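Engineer: Dropping the structure in here first, questions after.
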Amino acid sequence: MTTTVPEILLQAPVLSPREDDVLHALAAGYTYQQFAEETGVPFESVKSYARNLLRKLGASNAAHAVAAAFCCGLLTPPARKPVPPRQPAPMGTPLERELLALALAVWSGRSYAELRPLAMRALTQARAEGRVRW
Amino acid sequence: MAARPLPTLGEPLTPREIQVLSLVATGLSNEEIAGRLFVSKATAKTHMARIGAKLGIGDRAAMVAIGFRKGLLK
């Protein structure tokens with residue numbers, strides 16, 4: 001369900017540091033009184049910052065101001081956990097790797113032991129280029 | 001009629017509760033929400049109490065913030 005905030009703020013208003021503090025306090029559930037006590041800012045000043053904040057956001061009350069702030073990007077939802085990059089699939093089955101090394105050995109006349117690491121590299125390369133599906 | 005017990009913290013909001021929360025986000029009072037949804041003011045207040053219990057906060061502005069942070073409101 002989409003919220004319809006009537007005041008669509010195309011551009012976020014510029015808030016003073018105090019107004020920004022009040023905004024974050026409201027989003028965290030503080031009342032003006034609690035914020036004043038917590039910060040030592042006089043209650044009358046807090047009310048004044050809040051009044052300006054609401055006016056800048058075109059909001060009629062604190063809940064509305066918080067919603068408007070999310071809509072114009074002054075408050076942001078936490079970033080989603082980044083999706084870890086997909087692990088490359090292992091290169092072929094163990095048997096396929098051994099078979100490739102064996103085929104190379106037969107084909108080139110060199111030793112199997114010598115060609116095993118070569119087979120691994122060849123497979124890695126082939127996978128990177130999309131020449132093998134496994 | 002016996003009142004249902006309040007839901008527990010973390011329970012998902014019902015579609016109706018999300019609708020109520022989205023109206024709170026537009027700055028409406030309980031009375032205005034009641035009028036908008038054609039329910040009594042008491043019902044609107046009940047919705048708010050249940051939303052508060054599920055989100056773990058009684059403050060309307062904070063409820064809206066949690067709604068946005070949880071992706072219930074956009």
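Ordered as shown in the structure tokens, chains take letters A, B, and onward, while each chain numbers its residues from 1 and ligands are numbered from 1 in the order shown.
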Chain B: which residues are alpha helix (DSSP H) by DSSP, as a count of residues only?
Structural biologist: 44
Engineer: Return the neighbours of chain A among the residues of chain B, cut-off 7 Å, counting only C-alpha atoms, as a list in words.
Structural biologist: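 Per the criterion, chain B yields Ser22, Val24, Ala25, Thr26, Gly27, Asp59, Arg60, Ala61, Ala62, Val64, Ala65, Phe68, Arg69, Leu73 and Lys74 of chain B.
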Engineer: Just write the chosen residues, all heavy atoms, as an mmCIF file, in the first residue's frame.
Structural biologist:
data_model
loop_
_atom_site.group_PDB
_atom_site.id
_atom_site.type_symbol
_atom_site.label_atom_id
_atom_site.label_comp_id
_atom_site.auth_asym_id
_atom_site.auth_seq_id
_atom_site.Cartn_x
_atom_site.Cartn_y
_atom_site.Cartn_z
ATOM 1 N N SER B 22 -0.893 4.482 7.041
ATOM 2 C CA SER B 22 -0.634 5.383 5.907
ATOM 3 C C SER B 22 -1.456 6.666 6.036
ATOM 4 O O SER B 22 -1.034 7.721 5.572
ATOM 5 C CB SER B 22 -0.895 4.676 4.580
ATOM 6 O OG SER B 22 -2.272 4.481 4.400
ATOM 7 N N VAL B 24 -2.196 7.957 9.038
ATOM 8 C CA VAL B 24 -1.463 8.684 10.088
ATOM 9 C C VAL B 24 -0.316 9.458 9.435
ATOM 10 O O VAL B 24 -0.041 10.608 9.777
ATOM 11 C CB VAL B 24 -0.898 7.710 11.156
ATOM 12 C CG1 VAL B 24 -0.009 8.447 12.154
ATOM 13 C CG2 VAL B 24 -2.026 7.013 11.890
ATOM 14 N N ALA B 25 0.311 8.816 8.449
ATOM 15 C CA ALA B 25 1.451 9.434 7.755
ATOM 16 C C ALA B 25 1.040 10.666 6.960
ATOM 17 O O ALA B 25 1.891 11.491 6.631
ATOM 18 C CB ALA B 25 2.116 8.410 6.843
ATOM 19 N N THR B 26 -0.238 10.775 6.636
ATOM 20 C CA THR B 26 -0.680 11.977 5.923
ATOM 21 C C THR B 26 -1.120 13.058 6.910
ATOM 22 O O THR B 26 -1.632 14.097 6.499
ATOM 23 C CB THR B 26 -1.837 11.678 4.948
ATOM 24 O OG1 THR B 26 -2.959 11.271 5.705
ATOM 25 C CG2 THR B 26 -1.474 10.606 3.952
ATOM 26 N N GLY B 27 -0.924 12.794 8.189
ATOM 27 C CA GLY B 27 -1.185 13.810 9.194
ATOM 28 C C GLY B 27 -2.592 13.806 9.764
ATOM 29 O O GLY B 27 -2.977 14.757 10.443
ATOM 30 N N ASP B 59 4.118 6.288 20.055
ATOM 31 C CA ASP B 59 4.202 7.616 19.439
ATOM 32 C C ASP B 59 3.897 7.543 17.941
ATOM 33 O O ASP B 59 4.471 6.729 17.223
ATOM 34 C CB ASP B 59 5.622 8.154 19.664
ATOM 35 C CG ASP B 59 5.794 9.542 19.093
ATOM 36 O OD1 ASP B 59 5.450 10.501 19.800
ATOM 37 O OD2 ASP B 59 6.236 9.643 17.936
ATOM 38 N N ARG B 60 2.987 8.417 17.488
ATOM 39 C CA ARG B 60 2.526 8.338 16.091
ATOM 40 C C ARG B 60 3.646 8.614 15.093
ATOM 41 O O ARG B 60 3.762 7.938 14.072
ATOM 42 C CB ARG B 60 1.377 9.330 15.860
ATOM 43 C CG ARG B 60 0.170 9.038 16.709
ATOM 44 C CD ARG B 60 -0.797 10.203 16.705
ATOM 45 N NE ARG B 60 -1.632 10.258 15.514
ATOM 46 C CZ ARG B 60 -2.779 9.610 15.391
ATOM 47 N NH1 ARG B 60 -3.213 8.848 16.363
ATOM 48 N NH2 ARG B 60 -3.486 9.734 14.294
ATOM 49 N N ALA B 61 4.463 9.622 15.375
ATOM 50 C CA ALA B 61 5.552 9.965 14.447
ATOM 51 C C ALA B 61 6.542 8.806 14.346
ATOM 52 O O ALA B 61 7.017 8.467 13.261
ATOM 53 C CB ALA B 61 6.257 11.228 14.905
ATOM 54 N N ALA B 62 6.822 8.179 15.490
ATOM 55 C CA ALA B 62 7.754 7.054 15.497
ATOM 56 C C ALA B 62 7.153 5.851 14.767
ATOM 57 O O ALA B 62 7.852 5.112 14.082
ATOM 58 C CB ALA B 62 8.117 6.688 16.923
ATOM 59 N N VAL B 64 5.183 5.998 12.227
ATOM 60 C CA VAL B 64 5.338 6.302 10.796
ATOM 61 C C VAL B 64 6.782 6.016 10.370
ATOM 62 O O VAL B 64 7.029 5.408 9.332
ATOM 63 C CB VAL B 64 4.952 7.772 10.509
ATOM 64 C CG1 VAL B 64 5.363 8.185 9.104
ATOM 65 C CG2 VAL B 64 3.453 7.954 10.695
ATOM 66 N N ALA B 65 7.740 6.424 11.217
ATOM 67 C CA ALA B 65 9.156 6.184 10.892
ATOM 68 C C ALA B 65 9.417 4.685 10.752
ATOM 69 O O ALA B 65 10.065 4.243 9.804
ATOM 70 C CB ALA B 65 10.049 6.790 11.968
ATOM 71 N N PHE B 68 8.060 3.309 7.527
ATOM 72 C CA PHE B 68 8.934 3.544 6.365
ATOM 73 C C PHE B 68 10.162 2.645 6.425
ATOM 74 O O PHE B 68 10.595 2.090 5.416
ATOM 75 C CB PHE B 68 9.377 5.017 6.317
ATOM 76 C CG PHE B 68 8.392 5.899 5.600
ATOM 77 C CD1 PHE B 68 7.423 6.599 6.310
ATOM 78 C CD2 PHE B 68 8.411 6.009 4.221
ATOM 79 C CE1 PHE B 68 6.505 7.407 5.653
ATOM 80 C CE2 PHE B 68 7.490 6.812 3.561
ATOM 81 C CZ PHE B 68 6.535 7.516 4.277
ATOM 82 N N ARG B 69 10.717 2.492 7.621
ATOM 83 C CA ARG B 69 11.942 1.692 7.743
ATOM 84 C C ARG B 69 11.674 0.227 7.448
ATOM 85 O O ARG B 69 12.541 -0.485 6.945
ATOM 86 C CB ARG B 69 12.537 1.843 9.148
ATOM 87 C CG ARG B 69 12.975 3.275 9.432
ATOM 88 C CD ARG B 69 14.258 3.380 10.226
ATOM 89 N NE ARG B 69 14.846 4.699 10.055
ATOM 90 C CZ ARG B 69 14.676 5.694 10.919
ATOM 91 N NH1 ARG B 69 13.982 5.517 12.017
ATOM 92 N NH2 ARG B 69 15.231 6.866 10.677
ATOM 93 N N LEU B 73 5.402 1.488 4.362
ATOM 94 C CA LEU B 73 4.972 2.741 3.739
ATOM 95 C C LEU B 73 6.031 3.150 2.727
ATOM 96 O O LEU B 73 7.204 2.899 2.926
ATOM 97 C CB LEU B 73 4.845 3.853 4.799
ATOM 98 C CG LEU B 73 3.906 3.626 5.972
ATOM 99 C CD1 LEU B 73 4.015 4.779 6.955
ATOM 100 C CD2 LEU B 73 2.482 3.455 5.505
ATOM 101 N N LYS B 74 5.568 3.721 1.629
ATOM 102 C CA LYS B 74 6.567 4.254 0.701
ATOM 103 C C LYS B 74 6.111 5.625 0.192
ATOM 104 O O LYS B 74 4.983 5.975 0.274
ATOM 105 C CB LYS B 74 6.830 3.387 -0.509
ATOM 106 C CG LYS B 74 6.246 2.014 -0.546
ATOM 107 C CD LYS B 74 6.826 1.288 -1.730
ATOM 108 C CE LYS B 74 6.425 -0.145 -1.910
ATOM 109 N NZ LYS B 74 5.354 -0.719 -1.251
#
Engineer: With only C-alpha atoms as the counted atoms, please give the residues lying no more than 12 Å from segment 12-18 of chain B, apart from itself and same-chain residues fewer than 2 positions off, as number ranges by chain.
Structural biologist: A: 1-3; B: 7-10, 20-25, 33, 37, 39, 43-56, 63-64, 66-68, 70-74
Engineer: Atom CA of Arg4 of chain B to atom CA of Ala34 of chain B: how many Å, to one decimal?
Structural biologist: 19.8 Å
